[in-house]
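Below is one structure, written out as structure tokens; comments come after it.
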Amino acid sequence: MTETEKKVRKTSFTKALNDALDLGMDRFPEMFLIGEDIGEMGGDFGVTKKLWAKYGGERVRDTPLSEAAIIGTCVGAAMVGMRPVAEIMFADFLGECYDQIVNNAAKVHYMFDGQFTAPLVIRTACGGGFGGGPHHSQSVEGWFMNVPGIVIVAPSNPTDAKGLLLASIESEDPVLFLEHKALYRVRAEVPDGYYTTPLGQAAVAREGSDVTVVATMRMVPMALAAAEQAAADGISVEVVDLRTIRPYDAETMLGSVSRTGRAVVANEAPRIGGLGAELSARIHEECFSDLLGPVVRVDGLDAPIPFSVPLEHVILPDETDISAAIRTAMEKS
Amino acid sequence: MTETEKKVRKTSFTKALNDALDLGMDRFPEMFLIGEDIGEMGGDFGVTKKLWAKYGGERVRDTPLSEAAIIGTCVGAAMVGMRPVAEIMFADFLGECYDQIVNNAAKVHYMFDGQFTAPLVIRTACGGGFGGGPHHSQSVEGWFMNVPGIVIVAPSNPTDAKGLLLASIESEDPVLFLEHKALYRVRAEVPDGYYTTPLGQAAVAREGSDVTVVATMRMVPMALAAAEQAAADGISVEVVDLRTIRPYDAETMLGSVSRTGRAVVANEAPRIGGLGAELSARIHEECFSDLLGPVVRVDGLDAPIPFSVPLEHVILPDETDISAAIRTAMEKS
Amino acid sequence: MDKTTMLGLYRDMWMIRAFEQGLEREFEQGNVPGMLHTGLGQEATQAALADQLLATDCFFPDHRCHGINALAQQRHSGDGERIMAELFGKATGVCSGKGGSLHSADPAVGNFGDNAVEGSYMATVLGVALASKLRGEPNVACAIIGDGTVGRGEFHESLNMAAIWQLPVLYACVNNGYAISMPVGQGHASADIVDLARGYGFPCEQVDGNDIVECHEKIGVAIAHIRAGHGPYFVELKTWRWQGIFAGEFRPDAEVKYWREDHDPILMTVDRLIGLGCTSAELDAIEQEARGVIDEWITFAKESPAPDLAKATANVYVNWEVTGA
Amino acid sequence: MDKTTMLGLYRDMWMIRAFEQGLEREFEQGNVPGMLHTGLGQEATQAALADQLLATDCFFPDHRCHGINALAQQRHSGDGERIMAELFGKATGVCSGKGGSLHSADPAVGNFGDNAVEGSYMATVLGVALASKLRGEPNVACAIIGDGTVGRGEFHESLNMAAIWQLPVLYACVNNGYAISMPVGQGHASADIVDLARGYGFPCEQVDGNDIVECHEKIGVAIAHIRAGHGPYFVELKTWRWQGIFAGEFRPDAEVKYWREDHDPILMTVDRLIGLGCTSAELDAIEQEARGVIDEWITFAKESPAPDLAKATANVYVNWEVTGA
Ligand SMILES: Cc1ncc(C[n+]2csc(CCOP(=O)(O)OP(=O)(O)O)c2C)c(N)n1
Ligand SMILES: Cc1ncc(C[n+]2csc(CCOP(=O)(O)OP(=O)(O)O)c2C)c(N)n1
Ligand SMILES: [Mg+2]
Ligand SMILES: [Mg+2]
């Protein structure tokens, strides 16, 4: 936190994001919100509630179903110094504006050699677990991991959500801000007022000495629960919450693994070519001699996400999978 | 090869692909070609030359600049049993039809539980090294690595190019077929007539015993050159040409590394979140006890690809980088 | 329209309404997972389409199309209950529960499934139509799209490509006045979607989507045109959706009254049928019969088993097996 | 149009032609890396735009827009040679050689750079225009797009959004008859792009893009309309490109003759200027002067150093450094 201690109050993830947007809109006259049904309706998940009434339709801008135009508008506005924050209703729809993100937002700063910046934020609801089916449940960080120029932020709790969103709004780089749908209702103590949580820095969510679990978003509370369980079995688990996925905080992650000698990386997306691949590779490459055994990946099965809830449970990883991975990490070493 | 030995003749990569398309069009009445300027003009890189004259405009179909509609058309046609082969002029433009590939082509078979298949092929020219700049030079396999349901094929030589393209045309699964621009003019002995090279199978391009280099596309000839160099220094390098990137042939790769105990993975895309991450993670995880040292990744720097040729050389990996990686792999163990 | 046809459509509209009302009830009770969008209020549009599309045609339903899905399933395959079961995520569903409300398909009845990325099938439909054309088959490929979905770039790519290739595509644009909370006239340069479609040079027709007679006739004309090989056709069906989720709160009372009371597609048909000599009792019986069938479907869906867990990793690829973690 | 204005535009057209011809020569000699598309034959469209867009306006040039880039650079910053240097990939280029022909930008002169994914800036332009609108600045945001580029879905998304928000966007559609090898009438439902634009309800104008007087006047009207806050404007500029790469082979002789001989924008202007009393010698001098300037620019570009290799990893992120492998 960049400012002095604040009063805290129990706040939901959704409300924490809403507060961040409100504080940002208040502080930055160049900021505006844009997306489908974010105005009077307050957004599909309620994250922009009341902001339309407070800031008006010019700055809280409802759009048609034109995802490419939404992101293009953000890039253009950002190129001339505005601070647009877009909402793409479901992360699954980022395919509609993939070009705008990858070839435009992520590259204008570089290809014109610094003459433009693209200080925009794309907020989007991701993740499964609620019977949303194949087009409303995906974890999309893997789609963007190989794209230099983009920042990917992925909070796991309300406190970080607020601080990271404000840091994203302040960021001169384009940010893809992932909001896991299963976290929206989670409540925690969130400081009042304006504060930022720095981008590119992981947090040690729990200290431990036997094995490091590196996790993101909904995998973090699951990892913490698994850690609690493991503690009962005498295994001390350190949980690293990555918070920013790209560029990620290798130092904290590698430092932890060097100490524990064992690592689990947990992520909701399919295994092959996902975030877990990058983290596992990096840990192995840089902690090779410290590792007591191979890194264990926890992730979704290599399949789309089915509608039927019991089938969805087969595909998505959970606390049990993390517990099993912790055991494997202990056994293999 | 699935058929008996053929007469071979020196053929360019481009011509090998052209032959494959011709043979496919001849054999499969359900096959058609679709894309920008693929008709009378024969495609931006000449891969569809003469096919318009031979098969006519109904089956060799020029389109407007509508990448999403091109791929959508392919998916729809494939769902009713056609075998469309699309050309997306530059891989960089796949962002325009990302949704169609990821949410449609890759998922129709799964989400409707097998009632449809999507036997389509998307051919596209990828890769850098010719001053194409940030929007005509990208390696895009990383964009699709985390997408279950899609097959990614990436030939490194004319012989494979032909056989893999015919196998892709035969495939009931949707195939993203990557053609590295720097390979188009490469010539090799290519068998006459129809043959397929199986998808999902890597090839050992050179046998060796000290270190395994796993490479794709243009990195394969570079790896072979580096291997030749290394041989002069007494290092025996095995080169595995992955050929299919998703699903990839773990068995061949892991088998090789188990024997050599050392691995280099070489890929032209930026390092973070790229193909190399998946391969490095997998090798470490599965060959942990056989590895004499950490896997070394060779890839592009984490940046877009600049226009200026000397700058582009800074970003893209080459033979020298592979040689250096081989040395590192030998030293670190 | 003759009385028999109208009675058939009346019955079909009741099937849709009963389906959606039953579903809504089950959803509220927590028996239907995921999200729910219903076609309540839009029954005429769906009944008119379902009545005229053949099993050999193709339609891409949108998120409010349970009704047309069920009618097609019932008519061409005799097992409408499998659409209901799909929405419950059951093994007996048309996609074994893997698709759900937003992805129910059965090619045997011409149902090519929704794509929950709204509008993406405006591109897909081109391929189905092109295949028909290349094969010389007289099939119609129909994309059912909402007014909001017209915002997507694929709208332009699709209409343009259908035009230049003269593809057998029927665009059935269900203009119910809103995209979630966005009024059609605010989200588009024109509240009349045909205005955006006319530039492509093929016939565009605006229809009262709650008037079953007009719907049926105009869709019939469009289908005949397409089937005869004369290329694409755009029909805008002006209607209104009951479902209040999100958008409900923003709609003026007078508008609600007009559409729900004065211009309800079923009530309008009742008036017509009475005029053709039907009795209230006769019409009530049709409603009750529809409700009875739907109740049976719901029972079937509820009592059906969940899918075998092995289904979770089935059919990712044709040529490769996906195995557990 | 008065003689002074016309002479200025005549000079500008020669600057463009000399630039492109010089570039073409250097490209053939292997001095210019990458790909090359030229604006030869389309000089009037670019000169007319360059003359009326201010440094505080914004334009997104396409791949044939070296000319307008150079004119804007020259007029507003006095260093047109930096556009040439960019095409040679040199340190002195407007983007230090990182952008090249397809990505030359300098916001100080209103040049927001090409996006080599054709048409993607039809979306970007909305944001620049929206910013002007929100800030109450009377700036015009212009997207220069080819006829082929109209195929992209963003065409629809952009025109629709510009319309509903009444954004200050000038769509300058350079219809040169082909997209690589695709004739405009085969790639689109209409060979007249305005037909596809009219549905959005803002003014659309079709212009002889080789007639500098008509171009200048009609673009002037459009810009005045936009600057006055009356929302978007679409201008279709009918022209023809000389460049034969790929497409050349497919164009009928009569068409080539018409555009290159009978309807060349420079020759047409010569006739007009002679009519206004200019002498051949006077006009020749203008041509020679332009050629001289361009030769200097080429020399400058060739003699400029390659970019510092450290540039390769500069400006990936604002907040993070990217380091070597
Ligand atoms: C590409 C895309 N953007 C946004 C959504 C979220 N969404 C689902 S339905 C809907 C409104 C669609 O409006 P319309 O097409 O008019 O259909 P209606 O619900 O009114 O029948 C939206 C925005 C989506 N599914 N896909
Ligand atoms: C999205 C996309 N698709 C394809 C291309 C390849 N391409 C470059 S220029 C061009 C033709 C563009 O035609 P038009 O807009 O008419 O411009 P012209 O070259 O005729 O001036 C194409 C297809 C591209 N750059 N971007
Ligand atoms: Mg609607
Ligand atoms: Mg053109």
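In the structure tokens, chains take letters A, B, ... by order of appearance, with residues numbered from 1 within each chain and ligands from 1 in the order shown.
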May I have the residues within 7 Å of stretch 273-286 of chain B as an NGL selection string, using only C-alpha atoms and disregarding those fewer than 2 positions away in the same chain?
(:A and (145-146 or 272-273 or 275 or 277-278 or 280-281 or 284 or 294-295)) or (:B and (142 or 254 or 265-267 or 269-271 or 288 or 295 or 297))
Find the residues near ligand 4. Use a cut-off of 6 Å, count only C-alpha atoms and all ligand atoms, and write them as JSON, numbers by chain.
{"D": [146, 147, 148, 175, 176, 177, 178, 179]}
Specify as a ChimeraX atom specification all residues of chain C found within 8 Å of chain A, counting only C-alpha atoms.
/C:33-35,88-90,97-100,102,115-117,148-153,179-182,187-188,246-247,306-307,309,311-313,316,322-325
May I have the residues from that selection written out with N, CA, C and O atoms, as a compact mmCIF listing (two decimals), in the first residue's frame?
# COMPACT_ATOMS: atom_id res chain seq x y z
N PRO C 33 -29.02 -25.56 -14.03
CA PRO C 33 -27.76 -24.83 -13.77
C PRO C 33 -27.51 -23.73 -14.81
O PRO C 33 -28.20 -23.63 -15.81
N GLY C 34 -26.51 -22.92 -14.52
CA GLY C 34 -26.07 -21.90 -15.48
C GLY C 34 -26.98 -20.70 -15.53
O GLY C 34 -27.56 -20.29 -14.52
N MET C 35 -27.08 -20.13 -16.72
CA MET C 35 -27.87 -18.92 -16.92
C MET C 35 -29.15 -19.27 -17.65
O MET C 35 -29.23 -20.29 -18.30
N PHE C 88 -31.08 -29.32 -18.40
CA PHE C 88 -30.83 -29.79 -17.03
C PHE C 88 -29.44 -30.43 -16.92
O PHE C 88 -29.05 -30.89 -15.86
N GLY C 89 -28.74 -30.46 -18.03
CA GLY C 89 -27.38 -31.03 -18.00
C GLY C 89 -27.36 -32.54 -17.85
O GLY C 89 -26.43 -33.10 -17.26
N LYS C 90 -28.35 -33.20 -18.41
CA LYS C 90 -28.48 -34.63 -18.21
C LYS C 90 -27.96 -35.48 -19.38
O LYS C 90 -27.86 -35.01 -20.52
N GLY C 97 -25.70 -33.22 -22.17
CA GLY C 97 -25.52 -32.26 -21.08
C GLY C 97 -24.27 -31.42 -21.19
O GLY C 97 -24.00 -30.57 -20.35
N LYS C 98 -23.52 -31.62 -22.24
CA LYS C 98 -22.27 -30.85 -22.36
C LYS C 98 -22.49 -29.44 -22.91
O LYS C 98 -21.65 -28.57 -22.74
N GLY C 99 -23.63 -29.24 -23.58
CA GLY C 99 -23.86 -27.94 -24.19
C GLY C 99 -24.74 -27.03 -23.35
O GLY C 99 -24.43 -25.87 -23.16
N GLY C 100 -25.84 -27.58 -22.86
CA GLY C 100 -26.76 -26.79 -22.05
C GLY C 100 -27.56 -25.81 -22.89
O GLY C 100 -27.62 -25.90 -24.11
N LEU C 102 -27.18 -22.89 -23.88
CA LEU C 102 -26.55 -22.07 -24.91
C LEU C 102 -25.92 -22.89 -26.03
O LEU C 102 -25.33 -22.32 -26.95
N ASN C 115 -24.22 -20.54 -30.42
CA ASN C 115 -22.84 -20.22 -30.10
C ASN C 115 -22.98 -19.07 -29.13
O ASN C 115 -23.49 -18.02 -29.49
N ALA C 116 -22.57 -19.28 -27.89
CA ALA C 116 -22.86 -18.27 -26.87
C ALA C 116 -22.01 -17.02 -27.02
O ALA C 116 -22.21 -16.05 -26.29
N VAL C 117 -21.07 -17.04 -27.94
CA VAL C 117 -20.44 -15.78 -28.33
C VAL C 117 -21.38 -15.21 -29.38
O VAL C 117 -21.35 -15.61 -30.54
N GLY C 148 -29.40 -6.93 -30.72
CA GLY C 148 -28.13 -6.52 -30.14
C GLY C 148 -26.96 -7.14 -30.88
O GLY C 148 -25.91 -6.50 -31.09
N THR C 149 -27.17 -8.36 -31.29
CA THR C 149 -26.11 -9.13 -31.95
C THR C 149 -25.68 -8.48 -33.26
O THR C 149 -24.57 -8.71 -33.74
N VAL C 150 -26.56 -7.68 -33.80
CA VAL C 150 -26.25 -6.94 -35.02
C VAL C 150 -25.05 -6.00 -34.82
O VAL C 150 -24.41 -5.59 -35.79
N GLY C 151 -24.72 -5.69 -33.58
CA GLY C 151 -23.56 -4.83 -33.32
C GLY C 151 -22.23 -5.45 -33.74
O GLY C 151 -21.26 -4.74 -34.00
N ARG C 152 -22.21 -6.76 -33.83
CA ARG C 152 -20.97 -7.47 -34.12
C ARG C 152 -20.49 -7.25 -35.56
O ARG C 152 -21.28 -7.29 -36.50
N GLY C 153 -19.18 -7.12 -35.71
CA GLY C 153 -18.59 -6.99 -37.03
C GLY C 153 -18.95 -8.11 -37.98
O GLY C 153 -19.08 -7.91 -39.19
N ALA C 179 -30.88 -5.08 -26.19
CA ALA C 179 -29.79 -6.01 -25.98
C ALA C 179 -29.46 -5.87 -24.49
O ALA C 179 -28.88 -4.86 -24.09
N ILE C 180 -29.87 -6.84 -23.72
CA ILE C 180 -29.85 -6.70 -22.25
C ILE C 180 -30.49 -5.36 -21.91
O ILE C 180 -31.71 -5.24 -22.03
N SER C 181 -29.70 -4.34 -21.55
CA SER C 181 -30.33 -3.07 -21.17
C SER C 181 -30.27 -2.01 -22.26
O SER C 181 -30.74 -0.89 -22.07
N MET C 182 -29.65 -2.34 -23.38
CA MET C 182 -29.42 -1.33 -24.42
C MET C 182 -30.59 -1.28 -25.42
O MET C 182 -30.82 -2.23 -26.16
N GLY C 187 -28.28 1.58 -29.50
CA GLY C 187 -27.13 0.74 -29.82
C GLY C 187 -26.81 0.70 -31.31
O GLY C 187 -25.73 0.29 -31.72
N HIS C 188 -27.76 1.14 -32.11
CA HIS C 188 -27.56 1.08 -33.56
C HIS C 188 -27.92 2.40 -34.22
O HIS C 188 -28.75 3.15 -33.71
N PHE C 246 -32.46 -7.96 -15.75
CA PHE C 246 -31.67 -6.80 -16.11
C PHE C 246 -32.49 -5.76 -16.85
O PHE C 246 -32.76 -4.68 -16.33
N ALA C 247 -32.92 -6.10 -18.04
CA ALA C 247 -33.55 -5.08 -18.86
C ALA C 247 -34.91 -4.68 -18.31
O ALA C 247 -35.35 -3.55 -18.47
N ALA C 306 -27.41 -38.09 -14.56
CA ALA C 306 -26.34 -37.17 -14.94
C ALA C 306 -25.45 -37.89 -15.96
O ALA C 306 -25.44 -39.12 -16.00
N PRO C 307 -24.74 -37.15 -16.78
CA PRO C 307 -23.87 -37.83 -17.75
C PRO C 307 -22.79 -38.64 -17.05
O PRO C 307 -22.35 -38.29 -15.96
N LEU C 309 -19.30 -39.64 -16.13
CA LEU C 309 -18.18 -38.70 -15.96
C LEU C 309 -17.14 -38.82 -17.07
O LEU C 309 -16.42 -37.87 -17.37
N LYS C 311 -17.71 -38.73 -20.02
CA LYS C 311 -18.08 -37.79 -21.07
C LYS C 311 -17.27 -36.49 -20.99
O LYS C 311 -17.10 -35.79 -21.99
N ALA C 312 -16.79 -36.19 -19.80
CA ALA C 312 -16.09 -34.91 -19.61
C ALA C 312 -14.89 -34.78 -20.55
O ALA C 312 -14.61 -33.68 -21.05
N THR C 313 -14.22 -35.87 -20.78
CA THR C 313 -13.03 -35.79 -21.64
C THR C 313 -13.26 -36.44 -23.01
O THR C 313 -12.33 -36.59 -23.80
N VAL C 316 -12.95 -34.32 -27.33
CA VAL C 316 -12.14 -33.10 -27.45
C VAL C 316 -11.52 -33.11 -28.85
O VAL C 316 -11.62 -32.14 -29.59
N VAL C 322 -8.17 -37.64 -24.64
CA VAL C 322 -7.69 -36.80 -23.54
C VAL C 322 -7.89 -37.60 -22.27
O VAL C 322 -8.96 -38.16 -22.05
N THR C 323 -6.86 -37.65 -21.46
CA THR C 323 -6.98 -38.44 -20.24
C THR C 323 -6.93 -37.54 -19.02
O THR C 323 -6.67 -36.34 -19.12
N GLY C 324 -7.18 -38.11 -17.87
CA GLY C 324 -7.25 -37.35 -16.61
C GLY C 324 -5.93 -36.69 -16.25
O GLY C 324 -4.90 -36.95 -16.87
N ALA C 325 -5.98 -35.84 -15.26
CA ALA C 325 -4.80 -35.05 -14.87
C ALA C 325 -3.68 -35.93 -14.36
O ALA C 325 -3.93 -36.98 -13.79
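For stretch 19-23 of chain B, the list of residues within 7 Å, based on only C-alpha atoms and with local chain neighbours fewer than 2 positions off taken out, reads Lys15, Ala16, Leu17, Met25, Asp26, Arg27, Leu51, Lys162, Leu165, Leu166 and Tyr194 of chain B.
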Let me see the file: selected residues, N, CA and C atoms, as a tab-separated table (two decimals), in the first residue's frame.
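Written output follows (part_5.tsv):
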chain	number	residue	atom	x	y	z
B	15	LYS	N	6.25	-25.42	-53.47
B	15	LYS	CA	5.73	-26.35	-54.48
B	15	LYS	C	5.23	-27.64	-53.83
B	16	ALA	N	5.90	-28.05	-52.78
B	16	ALA	CA	5.46	-29.25	-52.07
B	16	ALA	C	4.07	-29.03	-51.50
B	17	LEU	N	3.85	-27.85	-50.96
B	17	LEU	CA	2.51	-27.53	-50.43
B	17	LEU	C	1.50	-27.47	-51.56
B	25	MET	N	-7.19	-31.85	-53.57
B	25	MET	CA	-8.35	-31.41	-54.35
B	25	MET	C	-8.80	-32.51	-55.30
B	26	ASP	N	-7.82	-33.19	-55.82
B	26	ASP	CA	-8.12	-34.26	-56.76
B	26	ASP	C	-8.79	-35.44	-56.07
B	27	ARG	N	-8.31	-35.76	-54.88
B	27	ARG	CA	-8.82	-36.95	-54.19
B	27	ARG	C	-10.14	-36.72	-53.46
B	51	LEU	N	-4.14	-23.72	-59.20
B	51	LEU	CA	-5.26	-24.55	-58.74
B	51	LEU	C	-6.60	-23.95	-59.15
B	162	LYS	N	4.63	-31.48	-47.32
B	162	LYS	CA	3.64	-32.13	-48.19
B	162	LYS	C	2.86	-33.21	-47.45
B	165	LEU	N	0.64	-31.75	-44.73
B	165	LEU	CA	-0.53	-31.02	-45.22
B	165	LEU	C	-1.60	-32.02	-45.69
B	166	LEU	N	-1.18	-33.07	-46.33
B	166	LEU	CA	-2.17	-34.08	-46.74
B	166	LEU	C	-2.79	-34.76	-45.52
B	194	TYR	N	0.77	-39.00	-53.78
B	194	TYR	CA	0.05	-38.82	-52.53
B	194	TYR	C	0.69	-39.61	-51.40
At a cut-off of 12 Å, can you tabulate as JSON lines every residue of chain A near ligand 2 together with its closest atom pair and the distance in Å to one decimal, using only C-alpha atoms and all ligand atoms and ordering rows by chain then number?
{"residue": "A:Asp99", "atom": "CA", "partner": "ligand 2", "partner_atom_place_in_ligand_line": "1 (C)", "distance": 9.3}
{"residue": "A:Gln100", "atom": "CA", "partner": "ligand 2", "partner_atom_place_in_ligand_line": "1 (C)", "distance": 11.3}
{"residue": "A:Asn103", "atom": "CA", "partner": "ligand 2", "partner_atom_place_in_ligand_line": "1 (C)", "distance": 10.9}
Excluding D:Glu81 and residues on its chain fewer than 5 positions from it, collect all residues at most 9 Å away from it, counting only C-alpha atoms, and give them as a count of residues only.
13
Would you mind listing what lies within 10 Å of C:Leu134 as a ChimeraX atom specification, with only C-alpha atoms counted and same-chain residues fewer than 5 positions away left out?
/B:30,32,58-59,82 /C:129,167
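Considering the residues C:His216, C:His66, C:His225, C:Arg198 and counting only C-alpha atoms, chain D has its shortest atom-to-atom contact with C:Arg198.
As for atom CA of A:Leu176 and atom 26 (N, counted along the ligand's line) of ligand 1, they are spaced 18.3 Å apart.
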What does the distance from atom CA of B:Leu199 to atom CA of B:Cys74 come to in Å, to one decimal?
20.5 Å
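With atom CA of D:Ala224 on one side and atom CA of D:Val270 on the other, the separation reads 27.7 Å.
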Can you pull out every residue within 7 Å of stretch 1-16 of chain D, counting only C-alpha atoms, but drop anything in the same chain fewer than 4 positions away, and send it as an MDAnalysis selection string?
chainID D and resid 20 43:44 47 67 213 266 269 276 286:287 290
Output all heavy atoms for every residue in the selection just made, as a short mmCIF file (atom, residue, chain, number, x, y, z; two decimals), in the first residue's frame.
data_model
loop_
_atom_site.label_atom_id
_atom_site.label_comp_id
_atom_site.auth_asym_id
_atom_site.auth_seq_id
_atom_site.Cartn_x
_atom_site.Cartn_y
_atom_site.Cartn_z
N GLU D 20 7.33 8.26 -54.15
CA GLU D 20 7.03 6.86 -54.41
C GLU D 20 7.92 6.30 -55.52
O GLU D 20 8.35 5.15 -55.46
CB GLU D 20 5.55 6.68 -54.79
CG GLU D 20 4.58 7.11 -53.68
CD GLU D 20 4.56 6.17 -52.48
OE1 GLU D 20 5.62 5.68 -52.07
OE2 GLU D 20 3.46 5.97 -51.93
N GLU D 43 -2.35 10.22 -55.99
CA GLU D 43 -1.76 11.42 -55.38
C GLU D 43 -2.80 12.46 -54.99
O GLU D 43 -2.66 13.15 -53.97
CB GLU D 43 -0.74 12.05 -56.33
CG GLU D 43 0.50 11.21 -56.61
CD GLU D 43 0.32 10.18 -57.73
OE1 GLU D 43 -0.81 10.07 -58.26
OE2 GLU D 43 1.30 9.49 -58.06
N ALA D 44 -3.86 12.57 -55.78
CA ALA D 44 -4.84 13.63 -55.49
C ALA D 44 -5.55 13.39 -54.17
O ALA D 44 -5.79 14.32 -53.39
CB ALA D 44 -5.86 13.72 -56.63
N ALA D 47 -3.02 14.34 -51.40
CA ALA D 47 -2.71 15.77 -51.36
C ALA D 47 -3.89 16.57 -50.82
O ALA D 47 -3.72 17.51 -50.02
CB ALA D 47 -2.33 16.26 -52.76
N GLY D 67 2.97 9.15 -48.96
CA GLY D 67 2.85 10.52 -49.45
C GLY D 67 2.23 11.45 -48.43
O GLY D 67 2.78 12.51 -48.11
N VAL D 213 -9.52 19.01 -57.71
CA VAL D 213 -10.44 20.08 -57.32
C VAL D 213 -11.64 19.50 -56.59
O VAL D 213 -12.01 19.95 -55.50
CB VAL D 213 -10.90 20.89 -58.57
CG1 VAL D 213 -11.91 21.95 -58.17
CG2 VAL D 213 -9.69 21.52 -59.25
N ILE D 266 -2.25 14.04 -61.97
CA ILE D 266 -1.30 15.12 -62.22
C ILE D 266 -1.54 15.73 -63.61
O ILE D 266 -1.62 16.96 -63.76
CB ILE D 266 0.15 14.62 -62.04
CG1 ILE D 266 0.39 14.34 -60.55
CG2 ILE D 266 1.15 15.63 -62.60
CD1 ILE D 266 1.81 14.00 -60.17
N THR D 269 -4.42 17.94 -63.70
CA THR D 269 -4.17 19.23 -63.04
C THR D 269 -3.33 20.13 -63.94
O THR D 269 -3.52 21.35 -63.97
CB THR D 269 -3.48 19.00 -61.68
OG1 THR D 269 -4.17 17.96 -60.99
CG2 THR D 269 -3.50 20.27 -60.84
N LEU D 276 -5.37 28.01 -66.49
CA LEU D 276 -5.29 29.19 -65.60
C LEU D 276 -4.09 30.06 -65.91
O LEU D 276 -3.78 31.01 -65.18
CB LEU D 276 -5.24 28.74 -64.13
CG LEU D 276 -6.53 28.13 -63.54
CD1 LEU D 276 -6.28 27.63 -62.12
CD2 LEU D 276 -7.67 29.16 -63.55
N ILE D 286 8.36 22.91 -60.99
CA ILE D 286 7.77 22.36 -59.76
C ILE D 286 8.09 20.88 -59.64
O ILE D 286 8.51 20.39 -58.58
CB ILE D 286 6.24 22.62 -59.75
CG1 ILE D 286 5.99 24.11 -59.56
CG2 ILE D 286 5.56 21.79 -58.67
CD1 ILE D 286 4.53 24.53 -59.65
N GLU D 287 7.92 20.18 -60.75
CA GLU D 287 8.26 18.76 -60.73
C GLU D 287 9.72 18.55 -60.36
O GLU D 287 10.05 17.72 -59.51
CB GLU D 287 7.96 18.14 -62.11
CG GLU D 287 8.46 16.70 -62.20
CD GLU D 287 8.24 16.06 -63.57
OE1 GLU D 287 7.53 16.64 -64.41
OE2 GLU D 287 8.80 14.97 -63.77
N ALA D 290 10.45 19.13 -56.74
CA ALA D 290 9.98 18.02 -55.91
C ALA D 290 10.96 16.85 -56.00
O ALA D 290 11.38 16.27 -55.00
CB ALA D 290 8.59 17.58 -56.35
#
Taking only C-alpha atoms into account and nothing else, which residues of chain C lie no more than 7 Å away from chain D? Please answer as a list in words.
Gly151, Arg152, Gly153, Glu154, His156, Glu157, Asn160, Ala163, Ile164, Gln186, Gly187, His188, Ala189, Asp195, Leu196, Gly199, Tyr200 and Gly201 of chain C
Considering only C-alpha atoms, return as JSON, numbers by chain whatever protein or nucleic-acid residues lie within 12 Å of C:Ser132, sequence-local ones (same chain, fewer than 5 positions apart) excluded.
{"B": [30, 76, 77, 78, 79, 80, 81, 82], "C": [56, 57, 58, 125, 126, 127, 137, 138, 139, 140, 141, 166, 167, 168, 169, 226, 227, 229, 231]}
Can you tell me, as an MDAnalysis selection string, which residues in stretch 101-203 of chain B count as strand (DSSP E or B) by DSSP?
chainID B and resid 121:126 151:153 175:180 187:191 203
So that I can check the secondary structure, give me every residue of stretch 57-256 of chain B assigned alpha helix (DSSP H) by backbone DSSP, as an MDAnalysis selection string.
chainID B and resid 67:79 98:99 108:111 141:144 158:170 219:232 250:256
